[in-house]
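For reference, the structure is listed below as structure tokens.
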Protein chains: 2
Amino acid sequence: MFRTAELGRTVTKEAYHEAVPVLRAGLLAAQQQLRSASFPVIIVFGGVDKGGKIETINLLNEWLDPRWIVTRAYGPPSDEMAERPEYWRYWRDLPPKGRIGLFLRCWYSRPILDRVNKRTSEAEFDEALDRIIAFERGLADDGALFLKFWMHLGRKAQKERLTKLESNPRTRWRVSQSDWDHWHLYERFIGAAERVIRRTSIASASWQIVEGDDKRYRGLTVGKAILDAVRGHLEKAELQRRLLDEIKAQAQPASPRKATPASAEAATEATIIQLPRITVLSKLNVDKTIDKKSYEKRIEEVQGRLNLAVRKAKELGVSSLLVFEGWDAAGKGGAIRRIVAALDARDYQVIPIAAPTEEERAQHYLWRFWRHLSRAGKMTIFDRSWYGRVLVERVEGFATEAEWKRAYGEINDFEDQLVQHGIVLCKFWFHITQEEQLARFEARQETAYKQWKLTDEDWRNREKWDAYEAAVDDMIEHTSTMLAPWTLVEANDKRYARIKVLDTVCDRLDEGISRAEAAGVAALELERAG
Amino acid sequence: MFRTAELGRTVTKEAYHEAVPVLRAGLLAAQQQLRSASFPVIIVFGGVDKGGKIETINLLNEWLDPRWIVTRAYGPPSDEMAERPEYWRYWRDLPPKGRIGLFLRCWYSRPILDRVNKRTSEAEFDEALDRIIAFERGLADDGALFLKFWMHLGRKAQKERLTKLESNPRTRWRVSQSDWDHWHLYERFIGAAERVIRRTSIASASWQIVEGDDKRYRGLTVGKAILDAVRGHLEKAELQRRLLDEIKAQAQPASPRKATPASAEAATEATIIQLPRITVLSKLNVDKTIDKKSYEKRIEEVQGRLNLAVRKAKELGVSSLLVFEGWDAAGKGGAIRRIVAALDARDYQVIPIAAPTEEERAQHYLWRFWRHLSRAGKMTIFDRSWYGRVLVERVEGFATEAEWKRAYGEINDFEDQLVQHGIVLCKFWFHITQEEQLARFEARQETAYKQWKLTDEDWRNREKWDAYEAAVDDMIEHTSTMLAPWTLVEANDKRYARIKVLDTVCDRLDEGISRAEAAGVAALELERAG
């Protein structure tokens with residue numbers, strides 16, 4: 001696999017100095033065009049030590065306009081990072097649409113080093129690579145252009161390079177004992193590298209192996225590859241946009257014309273082939289109630305229990321994340337207020353999710369949720385969440401069918417990372433009947449201080465009840481997993497709903513606390529210390 | 001995840017009898033349209049025992065035109081199957097374009113049962129699922145429409161169904177002890193099922209969970225889903241065809257117009273930014289020779305060695321597979337003849353690969369190579385191979401860029417399965433210089449009995465030497481792996497080339513024989529016995 005990168009390719013000084021200005025002009029022009037494009041460029045550097053990764057990144061920062069570039073290299077995680085799932089830091093640093101991100105020692109580093117140093121089994125290595133594939137595929141599906149350069153040196157060439165650097169007093173500092181340690185593990189490193197390159201070279205994000213021996217050759221090669229790829233992707237994006245416009249244009253006049261015979265037939269067919277419209281929500285017993293007196297006793301008890309649990313969780317560094325979804329006026333806000341009433345304001349954060357900001361729209365839709373992940377020991381409450389993708393965005397057509405269908409898997413992956421990190425995750429769907437919603441809407445209209453809560457949109461959403469109900473059913477089918485189950489809350493009776501939510505949160509927190517205690521307070525302290 | 005399939009959905013007899021004729025008419029019409037389509041339909045059934053998989057398949061065979069359907073259910077592998085990689089039987093049975101394949105107890109069975117019975121670890125389970133994902137993604141990328149139905153019954157419902165079947169003398173035979181054994185493992189089964197559904201629900205092949213309790217409901221649901229999906233895929237295929245035509249139409253007039261300023265600039269750019277054109281082939285030392293006398297001694301020795309090795313391999317059930325690729329007139333045929341000269345005609349098979357037959361064109365491009373995999377202990381020699389995808393099909397534009405780029409990973413997966421099955425795989429690229437090729441072409445023209453070997457195509461291919469050389473370089477970069485490395489054969493001297501090939505085959509066979517011996521003759525006998 002690496003044979004093609006050990007051929008001794010070089011570029012002469014003259015050829016290099018002739019080529020660079022032309023390449024730079026091309027790169028700057030492409031970068032300028034990129035700024036108004038609807039995708040980011042993510043460039044990853046991997047490879048052997050001294051294969052020229054850093055020099056090439058420096059070169060690119062020199063050649064390109066640095067204002068539109070993000071360069072990131074990662075060392076061991078800070079405590080900020082260690083308290084969150086591993087990928088938090090990568091999500092945080094992703095370039096927005098129109099910009100270029102250069103990544104070094106990033107999501108590939110730990111898996112490779114752990115494998116080379118035999119800290120992980122082959123199966124664990126593969127699992128880490130699966131995580132990478134899911135991460136990159138998700139971003140590429142969203143339009144990102146991926147370029148991955150593997151800077152290669154043969155075993156002998158690497159040794160020569162280390163020796164040469166060491167022998168020059170001005171560059172000696174660049175060679176450390178760990179460089180030599182790595183060199184001694186060369187064969188193992190190459191074995192792991194082959195597996196990485198093979199498994200993670202997916203169609204939309206494949207590795208390019210670059211011979212790293214000659215700095216002029218590798219610089220020109222990488223620069224030219226970036227230029228070609230950015231140009232190609234810009235053209236492709238433009239073509240796609242045009243085709244989509246055409247499809248839309250064709251669809252508009254065609255549908256009324258077609259409507260007559262085919263649609264009539266389809267309509268008859270649809271009325272005859274009837275499948276029962278029973279959904280999970282339709283089967284909920286919304287008559288569950290709790291009387292006022294019992295409620296007042298229970299709410300006090302459970303708030304007390306919650307307060308204790310949250311304090312214990314904080315002490316142990318157990319974070320929790322509550323997701324509230326449900327019909328308009330189903331009582332999510334009231335339930336959230338009953339939770340936070342039991343907490344210290346420093347220990348929680350409520351994140352109301354409305355339409356994304358401009359900054360957020362320039363990123364993958366999950367980006368704005370990753371950024372809100374809190375440090376260890378905190379509770380984060382999402383009032384609406386990433387499930388908007390498969391609910392409102394699906395029903396209103398803001399996301400294409402391919403996008404929302406893909407989202408189930410992306411959401412499961414995201415939540416897996418939360419749960420695997422030890423975060424207690426609770427997901428609530430607040431269900432009320434259509435009649436109850438109507439009653440509440442009308443009550444809101446009549447109460448002056450509640451009128452602001454009722455908008456035209458609420459009435460419009462109400463008309464799409466069936467579409468939303470089908471979307472909720474699909475959501476539960478695809479994302480109510482053993483690790484992250486949905487709790488359906490019968491919410492026609494607000495009191496009943498609140499008690500059910502608080503009970504559930506307490507139960508799940510207690511489970512998380514037990515797990516953390518079992519894992520050992522000592523180990524946790526160690527982790528928190530970095 | 002399964003909660004949405006435990007809602008007690010039913011369809012009344014009347015509604016069912018009204019719907020079925022309409023559904024059947026739709027299905028038959030769609031099937032008729034499908035016959036001339038450029039994709040196959042692959043329908044997979046999974047789920048709990050007695051969830052209605054078999055009944056639904058029977059129903060579909062009744063509703064559809066059975067002439068264009070293949071139905072397959074797999075039991076334990078026969079010896080025919082056990083002697084080949086696991087997926088051989090699935091590839092063999094894939095429906096060609098325009099047809100429907102119904103699969104039951106297929107590629108999902110063994111991974112799930114092994115996991116439920118704790119014969120495999122979670123990591124091995126995941127590895128088996130990765131194999132499935134690669135298999136299905138490859139077929140879907142090639143255009144196949146995938147439908148996967150998971151027929152579900154709750155634990156209680158399954159028990160009721162088993163009890164009911166047992167209590168009726170006419171259906172008692174359908175319940176065996178193993179059904180009850182499985183029922184007792186229900187929770188474990190559901191755990192494995194959730195993992196299967198989550199991990200293998202990729203965009204192009206996602207699972208649909210069907211409540212399996214009511215036979216009318218599940219029949220209509222599956223039938224309707226198939227109808228909708230086939231119609232949708234037909235439309236999509238048609239739209240894609242039209243868009244491709246449009247792109248082509250737009251590209252034609254646009255390019256000459258554009259040619260003036262932009263292309264001139266691009267041409268200047270290309271002449272200035274010059275990267276060295278050194279390839280793996282250009283670095284080969286083609287001057288390696290062996291004199292005639294040494295050759296005659298060596299060829300006899302190595303043919304003797306080969307004969308022994310092949311007989312030993314046959315005895316141990318070690319298969320081998322030799323791939324010959326290389327320039328026209330590079331001497332592949334001569335080398336193959338020197339190999340088979342040392343063998344018993346019953347022990348080997350030479351497969352010359354030319355343009356695919358009509359039957360082969362109706363399948364995924366790897367299909368025709370899977371079908372030629374031999375039984376245990378045989379040697380199969382491919383004179384040209386699946387590498388045509390990334391060589392001639394790439395250079396001549398028979399495969400799109402997306403297709404040949406995807407092929408590297410597909411080929412690696414394919415070869416992994418061969419090697420993991422214990423097959424000895426040797427891949428040879430025969431390299432000669434352009435001058436040597438010219439000399440050989442001229443010699444062929446002059447020798448009457450060799451003229452047939454030289455065609456106009458050979459001269460045309462020669463003109464594309466550089467493009468082929470770049471393709472070979474990429475091929476080696478992507479597919480020369482530790483498990484399946486390429487052997488580059490310096491073939492300007494035919495004698496040298498033949499000795500190198502025979503030596504390599506002998507060495508690799510000996511390695512394979514040692515591995516098989518180490519694995520134990522006893523174990524192999526057991527496996528051969530099924």
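As shown in the structure tokens, the chain order sets the letters A, B, ...; within each chain, residues go from 1, and ligands are also counted from 1 in the order they appear.
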Determine, counting only C-alpha atoms, which protein, DNA and RNA residues have an atom within 10 Å of an atom of Ile411 in chain A; residues of the same chain fewer than 5 positions away are not included. Present the result as a compact mmCIF listing (two decimals) with N, CA and C atoms, in the first residue's frame.
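So the final result, stored in result_4.txt, reads:
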# COMPACT_ATOMS: atom_id res chain seq x y z
N LEU A 366 -26.33 19.00 13.93
CA LEU A 366 -26.04 18.53 15.28
C LEU A 366 -25.05 19.43 16.02
N TRP A 386 -32.55 18.15 19.23
CA TRP A 386 -32.14 17.64 17.91
C TRP A 386 -33.25 16.85 17.23
N TYR A 387 -34.26 16.47 18.00
CA TYR A 387 -35.37 15.72 17.38
C TYR A 387 -36.20 16.60 16.45
N ARG A 389 -35.18 17.73 13.90
CA ARG A 389 -34.83 17.26 12.57
C ARG A 389 -35.85 16.27 12.02
N VAL A 390 -36.33 15.36 12.88
CA VAL A 390 -37.24 14.30 12.41
C VAL A 390 -38.69 14.63 12.74
N ARG A 406 -31.78 9.88 7.32
CA ARG A 406 -30.40 9.70 7.77
C ARG A 406 -30.25 10.11 9.24
N ASP A 416 -25.40 7.65 21.69
CA ASP A 416 -24.46 6.61 22.13
C ASP A 416 -23.24 7.23 22.78
N GLN A 417 -22.73 8.28 22.15
CA GLN A 417 -21.52 8.91 22.68
C GLN A 417 -21.79 9.56 24.03
N HIS A 478 -37.37 4.36 15.73
CA HIS A 478 -35.96 4.38 15.37
C HIS A 478 -35.03 4.82 16.50
N THR A 479 -35.53 5.57 17.46
CA THR A 479 -34.59 6.14 18.44
C THR A 479 -34.90 5.80 19.89
- Query: Leaving out Leu64 in chain A and any residue of its chain fewer than 2 positions from it, which residues lie within 8 Å of it when counting only C-alpha atoms, given as JSON, numbers by chain?
  - Reply: {"A": [24, 27, 28, 31, 60, 61, 62, 66, 69]}
Write the residues of the preceding selection, restricted to N, CA and C atoms, as a PDB file, in the first residue's frame.
ATOM      1  N   ARG A  24      -0.525  29.320  -5.870  1.00  0.00           N
ATOM      2  CA  ARG A  24      -1.089  30.233  -4.865  1.00  0.00           C
ATOM      3  C   ARG A  24      -2.220  31.059  -5.447  1.00  0.00           C
ATOM      4  N   LEU A  27      -5.184  28.851  -5.661  1.00  0.00           N
ATOM      5  CA  LEU A  27      -5.750  28.552  -4.343  1.00  0.00           C
ATOM      6  C   LEU A  27      -6.517  29.753  -3.794  1.00  0.00           C
ATOM      7  N   LEU A  28      -5.936  30.935  -3.927  1.00  0.00           N
ATOM      8  CA  LEU A  28      -6.606  32.127  -3.384  1.00  0.00           C
ATOM      9  C   LEU A  28      -7.916  32.395  -4.109  1.00  0.00           C
ATOM     10  N   GLN A  31     -10.394  29.848  -2.939  1.00  0.00           N
ATOM     11  CA  GLN A  31     -10.805  30.152  -1.569  1.00  0.00           C
ATOM     12  C   GLN A  31     -11.848  31.273  -1.558  1.00  0.00           C
ATOM     13  N   LEU A  60       0.474  25.840   3.856  1.00  0.00           N
ATOM     14  CA  LEU A  60      -0.891  26.160   3.435  1.00  0.00           C
ATOM     15  C   LEU A  60      -1.368  27.451   4.090  1.00  0.00           C
ATOM     16  N   ASN A  61      -0.980  27.638   5.336  1.00  0.00           N
ATOM     17  CA  ASN A  61      -1.361  28.867   6.018  1.00  0.00           C
ATOM     18  C   ASN A  61      -0.687  30.082   5.375  1.00  0.00           C
ATOM     19  N   GLU A  62       0.451  29.828   4.760  1.00  0.00           N
ATOM     20  CA  GLU A  62       1.173  30.892   4.081  1.00  0.00           C
ATOM     21  C   GLU A  62       0.526  31.160   2.717  1.00  0.00           C
ATOM     22  N   PRO A  66      -5.292  33.385   5.521  1.00  0.00           N
ATOM     23  CA  PRO A  66      -5.479  32.745   6.833  1.00  0.00           C
ATOM     24  C   PRO A  66      -6.764  33.159   7.550  1.00  0.00           C
ATOM     25  N   ILE A  69      -9.297  30.301   7.398  1.00  0.00           N
ATOM     26  CA  ILE A  69      -8.806  28.961   7.734  1.00  0.00           C
ATOM     27  C   ILE A  69      -8.824  28.765   9.242  1.00  0.00           C
TER      28      ILE A  69
END
- Non-local contacts of range 434-442 of chain B (7 Å; only C-alpha atoms; under 5 positions in same chain excluded) as a PyMOL selection string: chain B and resi 329+454+492
Suppose we keep all heavy atoms; can you now write the selection as a JSON list (two decimals), in the first residue's frame?
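result_30.json was written with the following content:
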[["chain", "number", "residue", "atom", "x", "y", "z"],
["B", 329, "ALA", "N", 0.66, -8.51, -24.39],
["B", 329, "ALA", "CA", 1.89, -9.15, -24.87],
["B", 329, "ALA", "C", 2.99, -9.19, -23.81],
["B", 329, "ALA", "O", 4.17, -9.31, -24.12],
["B", 329, "ALA", "CB", 2.42, -8.47, -26.13],
["B", 454, "LEU", "N", -2.86, -10.43, -32.16],
["B", 454, "LEU", "CA", -2.71, -8.98, -32.19],
["B", 454, "LEU", "C", -3.94, -8.33, -32.82],
["B", 454, "LEU", "O", -4.26, -8.62, -33.97],
["B", 454, "LEU", "CB", -1.46, -8.63, -32.99],
["B", 454, "LEU", "CG", -0.96, -7.20, -32.84],
["B", 454, "LEU", "CD1", -0.47, -6.95, -31.42],
["B", 454, "LEU", "CD2", 0.17, -6.95, -33.83],
["B", 492, "ASN", "N", 10.35, -8.12, -19.11],
["B", 492, "ASN", "CA", 11.02, -7.93, -20.40],
["B", 492, "ASN", "C", 11.72, -9.23, -20.81],
["B", 492, "ASN", "O", 11.80, -9.57, -21.97],
["B", 492, "ASN", "CB", 12.03, -6.78, -20.33],
["B", 492, "ASN", "CG", 11.40, -5.48, -20.82],
["B", 492, "ASN", "OD1", 10.19, -5.39, -20.97],
["B", 492, "ASN", "ND2", 12.24, -4.47, -21.06]]
- Query: Neighbours of Asn285 in chain B within 10 Å (only C-alpha atoms; same-chain residues fewer than 3 positions away dropped), as a VMD selection string?
  - Reply: chain B and resid 281 to 282 288 431 489 to 492
Restricting it to N, CA and C atoms, dump the selection as a PDB file, in the first residue's frame.
ATOM      1  N   LEU B 281       5.778   1.319 -11.566  1.00  0.00           N
ATOM      2  CA  LEU B 281       6.254   0.565 -12.721  1.00  0.00           C
ATOM      3  C   LEU B 281       7.538   1.169 -13.285  1.00  0.00           C
ATOM      4  N   SER B 282       7.597   2.512 -13.288  1.00  0.00           N
ATOM      5  CA  SER B 282       8.783   3.139 -13.876  1.00  0.00           C
ATOM      6  C   SER B 282      10.031   2.849 -13.051  1.00  0.00           C
ATOM      7  N   LYS B 288      16.342  -7.306 -15.447  1.00  0.00           N
ATOM      8  CA  LYS B 288      16.592  -8.603 -14.814  1.00  0.00           C
ATOM      9  C   LYS B 288      16.393  -9.717 -15.834  1.00  0.00           C
ATOM     10  N   HIS B 431       4.967  -6.566 -16.057  1.00  0.00           N
ATOM     11  CA  HIS B 431       5.395  -5.283 -16.603  1.00  0.00           C
ATOM     12  C   HIS B 431       6.457  -5.453 -17.676  1.00  0.00           C
ATOM     13  N   VAL B 489       5.965  -8.191 -11.662  1.00  0.00           N
ATOM     14  CA  VAL B 489       6.853  -9.111 -12.365  1.00  0.00           C
ATOM     15  C   VAL B 489       7.580  -8.363 -13.482  1.00  0.00           C
ATOM     16  N   GLU B 490       8.906  -8.290 -13.382  1.00  0.00           N
ATOM     17  CA  GLU B 490       9.710  -7.667 -14.423  1.00  0.00           C
ATOM     18  C   GLU B 490       9.739  -8.655 -15.580  1.00  0.00           C
ATOM     19  N   ALA B 491       9.041  -8.308 -16.680  1.00  0.00           N
ATOM     20  CA  ALA B 491       8.764  -9.336 -17.688  1.00  0.00           C
ATOM     21  C   ALA B 491       9.391  -9.069 -19.046  1.00  0.00           C
ATOM     22  N   ASN B 492      10.348  -8.119 -19.110  1.00  0.00           N
ATOM     23  CA  ASN B 492      11.016  -7.934 -20.403  1.00  0.00           C
ATOM     24  C   ASN B 492      11.719  -9.228 -20.808  1.00  0.00           C
TER      25      ASN B 492
END
- Task: Mind checking which residues fall within 9 Å of Ile112 in chain B, counting only C-alpha atoms, ignoring those fewer than 3 positions away in the same chain, and posting them as a list in words?
- Result: Tyr108, Ser109, Arg115, Val116, Asn117, Phe125, Phe189, Ala192, Ala193 and Val196 of chain B
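Remark: for Asp474 in chain B, the closest of the candidate residues B:Ala19, B:Ser38, B:Lys405, B:Gly326 is B:Lys405 (distances computed over only C-alpha atoms).
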- Task: Using backbone DSSP assignments, extract all alpha helix (DSSP H) residues from range 239-345 of chain B; output them as an MDAnalysis selection string.
- Result: chainID B and resid 239:258 264:272 292:316 332:340
Would you pick out the contacts of Glu511 in chain B at 12 Å or less, using only C-alpha atoms, so that residues sharing its chain but fewer than 2 positions from it are not included, and give the list as a tab-separated table (two decimals) with C-alpha atoms, in the first residue's frame?
chain	number	residue	atom	x	y	z
B	309	ALA	CA	2.80	-28.30	-3.35
B	312	LYS	CA	-0.31	-31.39	-0.80
B	313	ALA	CA	-2.70	-28.44	-0.95
B	318	VAL	CA	-6.24	-25.55	0.56
B	320	SER	CA	-5.49	-21.16	-4.40
B	422	GLY	CA	-7.86	-19.81	3.86
B	423	ILE	CA	-7.53	-19.38	0.10
B	424	VAL	CA	-3.97	-18.70	-1.11
B	425	LEU	CA	-4.22	-15.56	-3.23
B	426	CYS	CA	-1.44	-14.41	-5.59
B	504	THR	CA	6.14	-16.96	-5.79
B	505	VAL	CA	3.25	-19.38	-6.24
B	506	CYS	CA	5.28	-22.16	-4.61
B	507	ASP	CA	6.27	-19.95	-1.67
B	508	ARG	CA	2.71	-18.82	-1.06
B	509	LEU	CA	1.30	-22.31	-1.41
B	513	ILE	CA	-0.07	-25.44	3.57
B	514	SER	CA	1.81	-24.70	6.79
B	515	ARG	CA	-1.08	-22.64	8.07
B	516	ALA	CA	-3.54	-25.39	7.25
B	517	GLU	CA	-1.33	-28.00	8.90
B	518	ALA	CA	-1.03	-25.84	11.97
- Shell of 9 Å around Trp91 in chain B, only C-alpha atoms, local chain residues under 2 positions omitted, as a list in words: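 Once the adjacent positions are removed, what remains is Tyr87, Trp88, Arg89, Asp93, Leu94, Leu366, Trp367, Trp370 and Arg371 of chain B.
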Convert the current residue selection to file output with C-alpha atoms, as a PDB file, in the first residue's frame.
ATOM      1  CA  TYR B  87     -21.119 -15.222   1.086  1.00  0.00           C
ATOM      2  CA  TRP B  88     -20.553 -17.346  -2.011  1.00  0.00           C
ATOM      3  CA  ARG B  89     -24.030 -18.826  -1.695  1.00  0.00           C
ATOM      4  CA  ASP B  93     -28.479 -16.454  -5.673  1.00  0.00           C
ATOM      5  CA  LEU B  94     -28.718 -12.696  -6.204  1.00  0.00           C
ATOM      6  CA  LEU B 366     -18.165  -8.861  -8.827  1.00  0.00           C
ATOM      7  CA  TRP B 367     -20.862 -11.474  -9.325  1.00  0.00           C
ATOM      8  CA  TRP B 370     -17.788 -14.998  -7.076  1.00  0.00           C
ATOM      9  CA  ARG B 371     -19.433 -17.669  -9.215  1.00  0.00           C
TER      10      ARG B 371
END
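For the pair CA of Glu265 in chain B and CA of Thr12 in chain A, the interatomic distance is 23.2 Å.
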- Take CA of Arg170 in chain A and CA of Ala157 in chain A and report the distance between them in Å, one decimal. 20.2 Å
- Item | Residue list (strand (DSSP E or B), DSSP) for range 321-364 of chain A, as a ChimeraX atom specification | /A:321-326,348-352
Take the residues from that selection and put them in a file with C-alpha atoms, as a short mmCIF file (atom, residue, chain, number, x, y, z; two decimals), in the first residue's frame.
data_model
loop_
_atom_site.label_atom_id
_atom_site.label_comp_id
_atom_site.auth_asym_id
_atom_site.auth_seq_id
_atom_site.Cartn_x
_atom_site.Cartn_y
_atom_site.Cartn_z
CA LEU A 321 -29.21 15.66 29.94
CA LEU A 322 -32.98 15.94 29.72
CA VAL A 323 -34.78 16.24 26.43
CA PHE A 324 -38.32 17.64 26.34
CA GLU A 325 -40.41 17.18 23.25
CA GLY A 326 -44.17 17.18 22.87
CA TYR A 348 -28.20 23.34 35.58
CA GLN A 349 -28.81 25.06 32.30
CA VAL A 350 -32.02 25.23 30.29
CA ILE A 351 -31.49 25.42 26.54
CA PRO A 352 -34.59 26.50 24.65
#
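For the choices A:Ser319, A:Thr268, A:Gln158, A:Thr163, the atom-to-atom distance to chain B is smallest for A:Thr268 when using only C-alpha atoms.
Considering the residues A:Leu139, A:Ala362, A:Val392, A:Ile209 and counting only C-alpha atoms, Glu477 in chain B has its shortest atom-to-atom contact with A:Ile209.
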